[in-house]
$ cat my_file.txt   # compact mmCIF, C-alpha atoms and all ligand atoms
# COMPACT_ATOMS: atom_id res chain seq x y z
CA MET A 1 0.00 0.00 0.00
CA VAL A 2 1.37 3.46 -0.91
CA PRO A 3 1.95 5.72 2.14
CA ARG A 4 0.16 9.08 1.73
CA MET A 5 1.73 10.91 4.62
CA SER A 6 3.67 14.00 3.67
CA ALA A 7 1.46 15.52 0.97
CA SER A 8 -1.67 15.34 3.13
CA ASN A 9 0.25 16.67 6.14
CA GLU A 10 0.97 19.85 4.23
CA ARG A 11 -2.53 20.12 2.88
CA PHE A 12 -4.19 19.67 6.30
CA ALA A 13 -2.24 22.73 7.46
CA ASP A 14 -3.68 24.70 4.52
CA THR A 15 -7.14 24.52 6.11
CA ALA A 16 -6.07 27.08 8.76
CA ARG A 17 -8.05 30.32 8.38
CA ARG A 18 -6.97 33.45 10.21
CA GLY A 19 -9.83 35.05 12.12
CA ARG A 20 -11.71 31.84 12.59
CA ARG A 21 -12.22 30.72 16.19
CA ILE A 22 -11.90 26.99 15.47
CA GLY A 23 -9.08 26.22 13.07
CA HIS A 24 -7.33 29.63 13.02
CA ALA A 25 -4.24 27.39 13.21
CA VAL A 26 -3.88 23.72 12.30
CA GLU A 27 -1.10 21.71 13.87
CA VAL A 28 -0.32 18.50 12.01
CA HIS A 29 1.54 15.55 13.53
CA ALA A 30 2.81 12.50 11.70
CA SER A 31 2.51 10.65 15.01
CA ILE A 32 1.41 11.69 18.50
CA GLY A 33 0.08 10.06 21.67
CA SER A 34 -3.43 11.52 21.57
CA THR A 35 -4.59 14.68 19.79
CA ASN A 36 -6.90 15.32 22.76
CA ASP A 37 -3.90 15.56 25.09
CA ARG A 38 -2.10 17.95 22.74
CA ALA A 39 -5.20 20.15 22.34
CA ARG A 40 -5.53 20.35 26.13
CA GLU A 41 -1.84 21.28 26.44
CA LEU A 42 -2.36 24.04 23.85
CA LEU A 43 -5.08 25.61 26.00
CA GLY A 44 -2.20 26.67 28.27
CA SER A 45 -0.80 29.00 25.57
CA PRO A 46 -2.46 32.27 24.47
CA ALA A 47 -3.30 31.24 20.88
CA GLY A 48 -3.95 27.63 21.79
CA GLU A 49 -7.72 27.89 22.02
CA GLY A 50 -9.20 26.80 18.73
CA THR A 51 -5.99 25.38 17.26
CA ALA A 52 -6.96 22.18 15.48
CA VAL A 53 -4.59 19.30 16.20
CA VAL A 54 -4.54 16.67 13.46
CA ALA A 55 -2.51 13.45 13.55
CA GLU A 56 -1.85 10.83 10.91
CA GLU A 57 -1.23 8.34 13.69
CA GLN A 58 -1.97 8.22 17.43
CA SER A 59 -0.05 5.83 19.66
CA ARG A 60 -2.52 6.30 22.52
CA GLY A 61 -5.70 7.32 20.73
CA ARG A 62 -8.59 6.87 23.10
CA GLY A 63 -12.30 6.46 22.78
CA ARG A 64 -15.18 6.79 25.19
CA ARG A 65 -15.45 4.58 28.25
CA GLY A 66 -11.73 3.77 28.38
CA ARG A 67 -11.55 2.23 24.92
CA THR A 68 -8.65 2.55 22.50
CA TRP A 69 -9.32 4.38 19.22
CA VAL A 70 -7.76 2.37 16.42
CA SER A 71 -6.93 4.16 13.16
CA PRO A 72 -4.19 3.17 10.70
CA PRO A 73 -1.78 5.95 9.62
CA GLY A 74 -2.61 8.06 6.59
CA ARG A 75 -6.16 6.87 6.00
CA ASN A 76 -8.54 8.62 8.35
CA LEU A 77 -9.15 11.89 10.17
CA THR A 78 -8.18 12.21 13.83
CA MET A 79 -8.59 15.74 15.11
CA SER A 80 -9.01 17.60 18.39
CA VAL A 81 -9.60 21.18 19.39
CA GLY A 82 -9.45 22.81 22.81
CA LEU A 83 -11.97 25.50 23.71
CA ARG A 84 -13.04 27.70 26.58
CA PRO A 85 -16.74 27.55 25.79
CA ARG A 86 -19.04 30.35 26.85
CA LEU A 87 -21.32 27.85 28.58
CA GLY A 88 -22.06 26.97 32.20
CA ALA A 89 -21.12 23.54 33.54
CA ILE A 90 -24.82 22.68 33.53
CA ASP A 91 -24.87 22.96 29.72
CA ALA A 92 -21.60 21.09 29.05
CA TRP A 93 -23.56 18.07 27.73
CA GLN A 94 -24.63 20.16 24.74
CA LEU A 95 -21.07 20.15 23.38
CA GLY A 96 -21.22 16.43 22.58
CA LEU A 97 -24.46 16.89 20.66
CA ALA A 98 -23.13 19.96 18.85
CA ALA A 99 -19.91 18.15 17.87
CA GLY A 100 -21.89 15.12 16.70
CA LEU A 101 -24.06 17.35 14.51
CA ALA A 102 -20.93 19.01 13.09
CA ALA A 103 -19.31 15.65 12.30
CA ARG A 104 -22.49 14.47 10.66
CA SER A 105 -22.81 17.57 8.55
CA ALA A 106 -19.13 17.38 7.45
CA CYS A 107 -19.63 13.75 6.38
CA ALA A 108 -23.01 14.36 4.74
CA ALA A 109 -21.36 15.90 1.67
CA VAL A 110 -19.96 12.44 0.94
CA ALA A 111 -22.64 10.01 2.12
CA PRO A 112 -25.83 9.98 4.20
CA VAL A 113 -24.86 9.35 7.82
CA TRP A 114 -26.64 9.50 11.17
CA LEU A 115 -25.88 9.75 14.86
CA LYS A 116 -26.18 6.86 17.27
CA TRP A 117 -26.73 7.97 20.86
CA PRO A 118 -24.79 9.55 22.36
CA ASN A 119 -22.62 10.63 19.44
CA ASP A 120 -21.29 7.90 17.19
CA VAL A 121 -21.46 8.65 13.48
CA VAL A 122 -23.11 5.70 11.76
CA ALA A 123 -24.20 4.64 8.29
CA SER A 124 -27.83 3.84 7.46
CA ASP A 125 -27.17 0.17 8.27
CA GLY A 126 -25.86 1.11 11.74
CA ARG A 127 -22.16 0.53 11.05
CA LYS A 128 -19.94 3.02 12.87
CA LEU A 129 -17.60 5.31 10.97
CA GLY A 130 -16.88 8.01 13.51
CA GLY A 131 -16.69 8.71 17.20
CA LEU A 132 -16.34 11.68 19.50
CA LEU A 133 -14.58 12.16 22.79
CA VAL A 134 -15.44 15.38 24.65
CA GLU A 135 -13.39 15.99 27.79
CA THR A 136 -14.29 18.91 30.03
CA ALA A 137 -12.86 20.71 33.05
CA ILE A 138 -15.38 22.18 35.45
CA ASP A 139 -14.83 24.61 38.33
CA GLY A 140 -17.97 24.93 40.42
CA GLU A 141 -20.66 26.12 38.03
CA ALA A 142 -18.17 27.15 35.34
CA LEU A 143 -17.11 25.09 32.37
CA THR A 144 -13.48 26.18 32.18
CA GLU A 145 -12.18 24.01 29.33
CA ALA A 146 -13.40 21.52 26.79
CA VAL A 147 -11.46 19.35 24.40
CA ILE A 148 -13.45 17.97 21.49
CA GLY A 149 -11.80 14.99 19.78
CA ILE A 150 -13.25 13.54 16.59
CA GLY A 151 -12.16 10.41 14.75
CA ILE A 152 -13.66 9.58 11.34
CA ASN A 153 -12.89 6.52 9.24
CA VAL A 154 -12.32 8.08 5.85
CA ASN A 155 -10.29 5.94 3.42
CA TRP A 156 -10.04 2.80 5.52
CA ALA A 157 -11.24 -0.14 3.44
CA VAL A 158 -13.44 -2.53 5.39
CA ALA A 159 -11.21 -5.37 4.13
CA GLU A 160 -8.23 -3.71 5.88
CA MET A 161 -9.97 -3.39 9.25
CA PRO A 162 -9.12 -5.70 12.14
CA GLU A 163 -11.47 -8.65 12.26
CA GLU A 164 -13.22 -7.41 15.41
CA PHE A 165 -14.41 -4.24 13.62
CA ALA A 166 -15.19 -5.60 10.18
CA ALA A 167 -18.78 -6.55 11.01
CA THR A 168 -19.71 -3.32 12.80
CA ALA A 169 -17.55 -0.58 11.25
CA THR A 170 -17.37 1.20 7.92
CA SER A 171 -15.75 4.27 6.40
CA LEU A 172 -16.75 7.19 4.21
CA SER A 173 -14.91 5.75 1.20
CA ALA A 174 -16.71 2.42 1.62
CA LEU A 175 -20.03 4.30 1.59
CA ALA A 176 -19.05 6.57 -1.31
CA GLY A 177 -17.40 3.84 -3.35
CA SER A 178 -14.34 6.02 -3.99
CA GLU A 179 -11.48 7.72 -2.16
CA VAL A 180 -12.53 10.73 -0.09
CA ASP A 181 -10.61 14.01 0.18
CA ARG A 182 -9.60 14.18 3.86
CA VAL A 183 -8.49 17.80 3.64
CA ALA A 184 -11.86 18.95 2.31
CA LEU A 185 -13.52 16.91 5.07
CA LEU A 186 -11.40 18.68 7.72
CA GLU A 187 -12.28 22.03 6.21
CA ARG A 188 -16.01 21.29 6.44
CA LEU A 189 -15.63 19.86 9.94
CA LEU A 190 -13.87 22.96 11.32
CA GLY A 191 -16.49 25.27 9.82
CA ALA A 192 -19.40 23.16 11.04
CA LEU A 193 -17.92 22.80 14.53
CA GLU A 194 -17.48 26.55 14.88
CA ALA A 195 -21.06 27.16 13.75
CA GLU A 196 -22.49 24.52 16.12
CA VAL A 197 -20.49 25.70 19.15
CA GLU A 198 -21.52 29.30 18.55
CA ARG A 199 -25.16 28.26 18.20
CA ILE A 200 -25.22 26.57 21.60
CA GLU A 201 -23.30 29.45 23.18
CA SER A 202 -25.99 31.83 21.93
CA GLY A 203 -28.65 29.71 23.64
CA ASP A 204 -29.87 27.85 20.54
CA SER A 205 -30.43 24.30 21.80
CA PRO A 206 -29.10 21.47 19.60
CA LEU A 207 -31.77 19.09 20.88
CA ASP A 208 -34.33 19.22 18.10
CA ARG A 209 -31.71 18.89 15.39
CA TYR A 210 -29.99 16.13 17.34
CA ARG A 211 -33.29 14.24 17.70
CA ASP A 212 -33.78 14.48 13.92
CA ALA A 213 -30.25 13.14 13.31
CA CYS A 214 -30.36 10.36 15.92
CA ARG A 215 -31.04 6.90 14.54
CA THR A 216 -31.34 5.34 18.03
CA ILE A 217 -34.82 6.70 18.66
CA GLY A 218 -37.40 4.06 17.78
CA ALA A 219 -34.88 1.20 17.93
CA SER A 220 -34.90 -1.75 20.23
CA VAL A 221 -31.71 -1.27 22.27
CA ALA A 222 -29.40 -2.75 24.87
CA VAL A 223 -27.46 -0.01 26.70
CA ASP A 224 -24.34 -1.07 28.56
CA LEU A 225 -23.97 0.83 31.83
CA GLY A 226 -20.89 -1.09 32.96
CA SER A 227 -22.56 -2.87 35.89
CA HIS A 228 -25.65 -3.93 33.91
CA GLN A 229 -27.56 -3.45 30.68
CA VAL A 230 -30.82 -1.62 30.11
CA ARG A 231 -32.92 -3.28 27.43
CA GLY A 232 -36.02 -1.93 25.76
CA LEU A 233 -37.35 0.46 23.16
CA ALA A 234 -35.52 3.80 22.83
CA THR A 235 -38.40 6.27 22.84
CA GLY A 236 -36.62 9.62 22.87
CA ILE A 237 -33.95 12.01 24.05
CA ASP A 238 -34.84 14.08 27.11
CA ASP A 239 -34.13 17.78 27.59
CA HIS A 240 -30.61 17.05 28.90
CA GLY A 241 -29.54 14.77 26.07
CA ALA A 242 -30.23 11.54 28.00
CA LEU A 243 -31.69 8.48 26.25
CA GLN A 244 -35.16 7.38 27.31
CA VAL A 245 -35.75 3.63 27.17
CA ARG A 246 -39.10 1.92 27.70
CA THR A 247 -38.23 -1.32 29.49
CA ALA A 248 -40.34 -4.14 30.89
CA ASP A 249 -40.05 -2.34 34.28
CA GLY A 250 -41.01 1.12 33.03
CA LEU A 251 -39.30 4.17 31.55
CA VAL A 252 -35.55 4.38 32.28
CA THR A 253 -33.49 7.49 31.55
CA VAL A 254 -29.86 6.81 30.68
CA ALA A 255 -27.47 9.77 30.93
CA THR A 256 -24.25 7.96 29.98
CA GLY A 257 -23.65 4.53 28.56
CA GLU A 258 -23.09 2.68 25.34
CA VAL A 259 -25.74 1.32 23.02
CA VAL A 260 -24.23 -2.09 22.33
CA HIS A 261 -27.16 -3.34 20.32
CA ALA A 262 -29.75 -1.45 18.33
CA ARG A 263 -32.30 -2.97 15.99
CA ALA A 264 -34.76 -0.82 14.10
CA GLU A 265 -38.32 -1.77 14.99
CA VAL A 266 -40.44 -2.85 12.05
CA GLY A 267 -42.23 0.21 10.73
CA ALA A 268 -40.07 2.60 12.82
C1 LIG B 1 -15.43 6.75 20.64
O1 LIG B 1 -16.22 6.48 19.72
O2 LIG B 1 -15.25 5.96 21.57
C2 LIG B 1 -14.74 8.08 20.63
C3 LIG B 1 -13.55 8.07 19.71
C4 LIG B 1 -12.80 9.38 19.69
C5 LIG B 1 -11.52 9.29 18.90
C6 LIG B 1 -10.88 10.62 18.68
S1 LIG B 1 -9.59 10.54 17.48
C7 LIG B 1 -9.09 12.16 17.87
C8 LIG B 1 -9.19 12.29 19.38
N1 LIG B 1 -7.99 11.82 20.03
C9 LIG B 1 -8.21 10.77 20.81
O3 LIG B 1 -7.34 10.19 21.50
N2 LIG B 1 -9.50 10.40 20.73
C10 LIG B 1 -10.26 11.30 19.89
$ encode --input "my_file.txt" --output "structure tokens" --more "lines below"
Ligand code: BTN
Amino acid sequence: MVPRMSASNERFADTARRGRRIGHAVEVHASIGSTNDRARELLGSPAGEGTAVVAEEQSRGRGRRGRTWVSPPGRNLTMSVGLRPRLGAIDAWQLGLAAGLAARSACAAVAPVWLKWPNDVVASDGRKLGGLLVETAIDGEALTEAVIGIGINVNWAVAEMPEEFAATATSLSALAGSEVDRVALLERLLGALEAEVERIESGDSPLDRYRDACRTIGASVAVDLGSHQVRGLATGIDDHGALQVRTADGLVTVATGEVVHARAEVGA
């Protein structure tokens, strides 16, 4: 396989736009531990807020709930940005929804994609092609820092994926049937993320748009909470972004967790 490292490294950096809050600078790494860690470090320097950190390879890429984020070098998009959002701690949950909507809109130019609660990017058949890791620092009622990390499978052929992902994962190129321009995808992602963050900061709730984008509603689900699973019909998203599940024992509201199984109900 031909490595595509250096040319795309240079082109990722070309997406920087002076004056923009998110992506006024783009820092590109051939290899790094985790882009989320670097974006958090950058928040300690004056121009660090909003610098997009992109890596061709992460040696310690992490996902939600302590998982590792696996992405082969030179194929995909792994990006983080550190922010000091103008939001109270009570509204920090909105960032995950906003970032999910931004990732979906950046991908939508290539293929129709959806969100799986809380914020996986999935294809119409439920296969995952992207994930988000939002890490926040809170001081009392203030949200002091947030790092938004986004990983999208772009030009990763399903045949090249490790066996454990091949049945449940996909990529934009697999959906489009051709190679996808990662630089153009980054450009759209930075613009969409800035727009979504500014919308929530101005008090415009992402909930209705998130509900429209979320494929989990109406599906029969099993949600892993670590200690146990909640099984039932996902009936909605409440006003704090939590998943509502109608179980045999009544309505259960799940604030954090992982939908490990989702099957569309007939007619849903
Ligand atoms: C998940 O689905 O579990 C979330 C995956 C988040 C992966 C991205 S890749 C860029 C950023 N850096 C990391 O270490 N993780 C996030």
$ atom_distance --input "my_file.txt" --atom1 "CA of Ala195 in chain A" --atom2 "CA of Gln94 in chain A"
13.5 Å
$ residues_around --input "my_file.txt" --residues "range 156-165 of chain A" --least-positions-apart "4" --cutoff "7 Å" --atoms "only C-alpha atoms" --output "ChimeraX atom specification"
/A:75-76,169-171,174
$ atom_distance --input "my_file.txt" --atom1 "CA of Arg127 in chain A" --atom2 "CA of Leu95 in chain A"
23.2 Å
$ closest_residue --input "my_file.txt" --among "A:Gly19, A:Asp120, A:Ala248, A:Val154" --to "Glu179 in chain A" --atoms "all atoms listed in the file"
A:Val154
$ residues_near_ligand --input "my_file.txt" --ligand "ligand LIG 1 (chain B)" --cutoff "7 Å" --atoms "only C-alpha atoms and all ligand atoms" --output "ChimeraX atom specification"
/A:34-36,60-65,67,69,78-80,120,130-133,149-151
$ closest_residue --input "my_file.txt" --among "A:Gly126, A:Arg40, A:Asp181, A:Ala108" --to "Leu77 in chain A" --atoms "only C-alpha atoms"
A:Asp181
$ atom_distance --input "my_file.txt" --atom1 "CA of Pro46 in chain A" --atom2 "CA of Ala99 in chain A"
23.4 Å
$ closest_residue --input "my_file.txt" --among "A:Lys128, A:Ala102, A:Val147, A:Thr15" --to "Glu41 in chain A" --atoms "all atoms listed in the file"
A:Val147
$ closest_residue --input "my_file.txt" --among "A:Leu186, A:Val54, A:Leu87, A:Val223" --to "Ala142 in chain A" --atoms "all atoms listed in the file"
A:Leu87
$ residues_around --input "my_file.txt" --residues "Thr216 in chain A" --least-positions-apart "4" --cutoff "8 Å" --atoms "all atoms listed in the file" --output "PyMOL selection string"
chain A and resi 115-117+221+234+262
$ write_last_selection --input "my_file.txt" --atoms "C-alpha atoms" --output "PDB file, in the frame of the given file"
ATOM      1  CA  LEU A 115     -25.880   9.750  14.860  1.00  0.00           C
ATOM      2  CA  LYS A 116     -26.180   6.860  17.270  1.00  0.00           C
ATOM      3  CA  TRP A 117     -26.730   7.970  20.860  1.00  0.00           C
ATOM      4  CA  VAL A 221     -31.710  -1.270  22.270  1.00  0.00           C
ATOM      5  CA  ALA A 234     -35.520   3.800  22.830  1.00  0.00           C
ATOM      6  CA  ALA A 262     -29.750  -1.450  18.330  1.00  0.00           C
TER       7      ALA A 262
END
$ residues_around --input "my_file.txt" --residues "Leu172 in chain A" --least-positions-apart "4" --cutoff "9 Å" --atoms "all atoms listed in the file" --output "tab-separated table (two decimals) with C-alpha atoms, in the frame of the given file"
chain	number	residue	atom	x	y	z
A	107	CYS	CA	-19.63	13.75	6.38
A	110	VAL	CA	-19.96	12.44	0.94
A	111	ALA	CA	-22.64	10.01	2.12
A	123	ALA	CA	-24.20	4.64	8.29
A	129	LEU	CA	-17.60	5.31	10.97
A	152	ILE	CA	-13.66	9.58	11.34
A	153	ASN	CA	-12.89	6.52	9.24
A	154	VAL	CA	-12.32	8.08	5.85
A	155	ASN	CA	-10.29	5.94	3.42
A	156	TRP	CA	-10.04	2.80	5.52
A	176	ALA	CA	-19.05	6.57	-1.31
A	177	GLY	CA	-17.40	3.84	-3.35
A	178	SER	CA	-14.34	6.02	-3.99
A	179	GLU	CA	-11.48	7.72	-2.16
A	180	VAL	CA	-12.53	10.73	-0.09
$ residues_around --input "my_file.txt" --residues "Gly96 in chain A" --least-positions-apart "5" --cutoff "9 Å" --atoms "all atoms listed in the file" --output "list of chain:residue names"
A:Leu101, A:Pro118, A:Asn119, A:Leu132, A:Leu133, A:Val134, A:Ile148
$ write_last_selection --input "my_file.txt" --atoms "C-alpha atoms" --output "PDB file, in the frame of the given file"
ATOM      1  CA  LEU A 101     -24.060  17.350  14.510  1.00  0.00           C
ATOM      2  CA  PRO A 118     -24.790   9.550  22.360  1.00  0.00           C
ATOM      3  CA  ASN A 119     -22.620  10.630  19.440  1.00  0.00           C
ATOM      4  CA  LEU A 132     -16.340  11.680  19.500  1.00  0.00           C
ATOM      5  CA  LEU A 133     -14.580  12.160  22.790  1.00  0.00           C
ATOM      6  CA  VAL A 134     -15.440  15.380  24.650  1.00  0.00           C
ATOM      7  CA  ILE A 148     -13.450  17.970  21.490  1.00  0.00           C
TER       8      ILE A 148
END
$ closest_residue --input "my_file.txt" --among "A:Val197, A:Ala106, A:Ala55, A:Ala25" --to "Leu83 in chain A" --atoms "only C-alpha atoms"
A:Val197
$ closest_residue --input "my_file.txt" --among "A:Ser45, A:Gly82, A:Phe12, A:Leu189" --to "Gly100 in chain A" --atoms "all atoms listed in the file"
A:Leu189
$ residues_around --input "my_file.txt" --residues "range 202-211 of chain A" --least-positions-apart "3" --cutoff "9 Å" --atoms "all atoms listed in the file" --output "list in words"
Arg86, Gln94, Leu95, Leu97, Ala98, Gly100, Leu101, Leu115, Glu196, Val197, Glu198, Arg199, Cys214, Arg215, Ile217, Gly236, Ile237, Asp238, Asp239, His240 and Gly241 of chain A
$ build_atoms --input "my_file.txt" --residues "range 117-133 of chain A" --atoms "N, CA, C and O atoms" --output "PDB file, in the coordinates of the input"
ATOM      1  N   TRP A 117     -26.903   7.382  19.526  1.00  0.00           N
ATOM      2  CA  TRP A 117     -26.730   7.970  20.860  1.00  0.00           C
ATOM      3  C   TRP A 117     -25.563   7.332  21.577  1.00  0.00           C
ATOM      4  O   TRP A 117     -25.417   6.123  21.523  1.00  0.00           O
ATOM      5  N   PRO A 118     -24.662   8.101  22.260  1.00  0.00           N
ATOM      6  CA  PRO A 118     -24.790   9.550  22.360  1.00  0.00           C
ATOM      7  C   PRO A 118     -24.229  10.286  21.146  1.00  0.00           C
ATOM      8  O   PRO A 118     -24.831  11.259  20.716  1.00  0.00           O
ATOM      9  N   ASN A 119     -23.106   9.877  20.601  1.00  0.00           N
ATOM     10  CA  ASN A 119     -22.620  10.630  19.440  1.00  0.00           C
ATOM     11  C   ASN A 119     -21.669   9.849  18.534  1.00  0.00           C
ATOM     12  O   ASN A 119     -20.681  10.392  18.076  1.00  0.00           O
ATOM     13  N   ASP A 120     -22.000   8.630  18.250  1.00  0.00           N
ATOM     14  CA  ASP A 120     -21.290   7.900  17.190  1.00  0.00           C
ATOM     15  C   ASP A 120     -21.853   8.342  15.842  1.00  0.00           C
ATOM     16  O   ASP A 120     -23.060   8.578  15.727  1.00  0.00           O
ATOM     17  N   VAL A 121     -20.983   8.396  14.842  1.00  0.00           N
ATOM     18  CA  VAL A 121     -21.460   8.650  13.480  1.00  0.00           C
ATOM     19  C   VAL A 121     -21.631   7.284  12.817  1.00  0.00           C
ATOM     20  O   VAL A 121     -20.696   6.472  12.814  1.00  0.00           O
ATOM     21  N   VAL A 122     -22.825   7.025  12.318  1.00  0.00           N
ATOM     22  CA  VAL A 122     -23.110   5.700  11.760  1.00  0.00           C
ATOM     23  C   VAL A 122     -23.730   5.812  10.365  1.00  0.00           C
ATOM     24  O   VAL A 122     -24.347   6.815  10.021  1.00  0.00           O
ATOM     25  N   ALA A 123     -23.563   4.734   9.609  1.00  0.00           N
ATOM     26  CA  ALA A 123     -24.200   4.640   8.290  1.00  0.00           C
ATOM     27  C   ALA A 123     -25.660   4.207   8.469  1.00  0.00           C
ATOM     28  O   ALA A 123     -26.081   3.828   9.569  1.00  0.00           O
ATOM     29  N   SER A 124     -26.415   4.213   7.376  1.00  0.00           N
ATOM     30  CA  SER A 124     -27.830   3.840   7.460  1.00  0.00           C
ATOM     31  C   SER A 124     -28.025   2.433   8.002  1.00  0.00           C
ATOM     32  O   SER A 124     -29.044   2.128   8.617  1.00  0.00           O
ATOM     33  N   ASP A 125     -27.048   1.544   7.761  1.00  0.00           N
ATOM     34  CA  ASP A 125     -27.170   0.170   8.270  1.00  0.00           C
ATOM     35  C   ASP A 125     -26.633   0.026   9.702  1.00  0.00           C
ATOM     36  O   ASP A 125     -26.536  -1.078  10.219  1.00  0.00           O
ATOM     37  N   GLY A 126     -26.290   1.137  10.345  1.00  0.00           N
ATOM     38  CA  GLY A 126     -25.860   1.110  11.740  1.00  0.00           C
ATOM     39  C   GLY A 126     -24.365   0.935  11.950  1.00  0.00           C
ATOM     40  O   GLY A 126     -23.875   1.030  13.074  1.00  0.00           O
ATOM     41  N   ARG A 127     -23.617   0.693  10.869  1.00  0.00           N
ATOM     42  CA  ARG A 127     -22.160   0.530  11.050  1.00  0.00           C
ATOM     43  C   ARG A 127     -21.525   1.867  11.414  1.00  0.00           C
ATOM     44  O   ARG A 127     -21.855   2.895  10.833  1.00  0.00           O
ATOM     45  N   LYS A 128     -20.573   1.791  12.356  1.00  0.00           N
ATOM     46  CA  LYS A 128     -19.940   3.020  12.870  1.00  0.00           C
ATOM     47  C   LYS A 128     -18.798   3.466  11.973  1.00  0.00           C
ATOM     48  O   LYS A 128     -17.967   2.656  11.568  1.00  0.00           O
ATOM     49  N   LEU A 129     -18.745   4.781  11.713  1.00  0.00           N
ATOM     50  CA  LEU A 129     -17.600   5.310  10.970  1.00  0.00           C
ATOM     51  C   LEU A 129     -16.944   6.468  11.673  1.00  0.00           C
ATOM     52  O   LEU A 129     -15.899   6.954  11.229  1.00  0.00           O
ATOM     53  N   GLY A 130     -17.513   6.901  12.798  1.00  0.00           N
ATOM     54  CA  GLY A 130     -16.880   8.010  13.510  1.00  0.00           C
ATOM     55  C   GLY A 130     -17.279   8.019  14.959  1.00  0.00           C
ATOM     56  O   GLY A 130     -18.321   7.474  15.345  1.00  0.00           O
ATOM     57  N   GLY A 131     -16.397   8.613  15.770  1.00  0.00           N
ATOM     58  CA  GLY A 131     -16.690   8.710  17.200  1.00  0.00           C
ATOM     59  C   GLY A 131     -16.153  10.014  17.746  1.00  0.00           C
ATOM     60  O   GLY A 131     -15.277  10.657  17.135  1.00  0.00           O
ATOM     61  N   LEU A 132     -16.699  10.403  18.880  1.00  0.00           N
ATOM     62  CA  LEU A 132     -16.340  11.680  19.500  1.00  0.00           C
ATOM     63  C   LEU A 132     -15.988  11.486  20.955  1.00  0.00           C
ATOM     64  O   LEU A 132     -16.666  10.737  21.657  1.00  0.00           O
ATOM     65  N   LEU A 133     -14.966  12.195  21.382  1.00  0.00           N
ATOM     66  CA  LEU A 133     -14.580  12.160  22.790  1.00  0.00           C
ATOM     67  C   LEU A 133     -14.493  13.606  23.265  1.00  0.00           C
ATOM     68  O   LEU A 133     -13.599  14.346  22.850  1.00  0.00           O
TER      69      LEU A 133
END
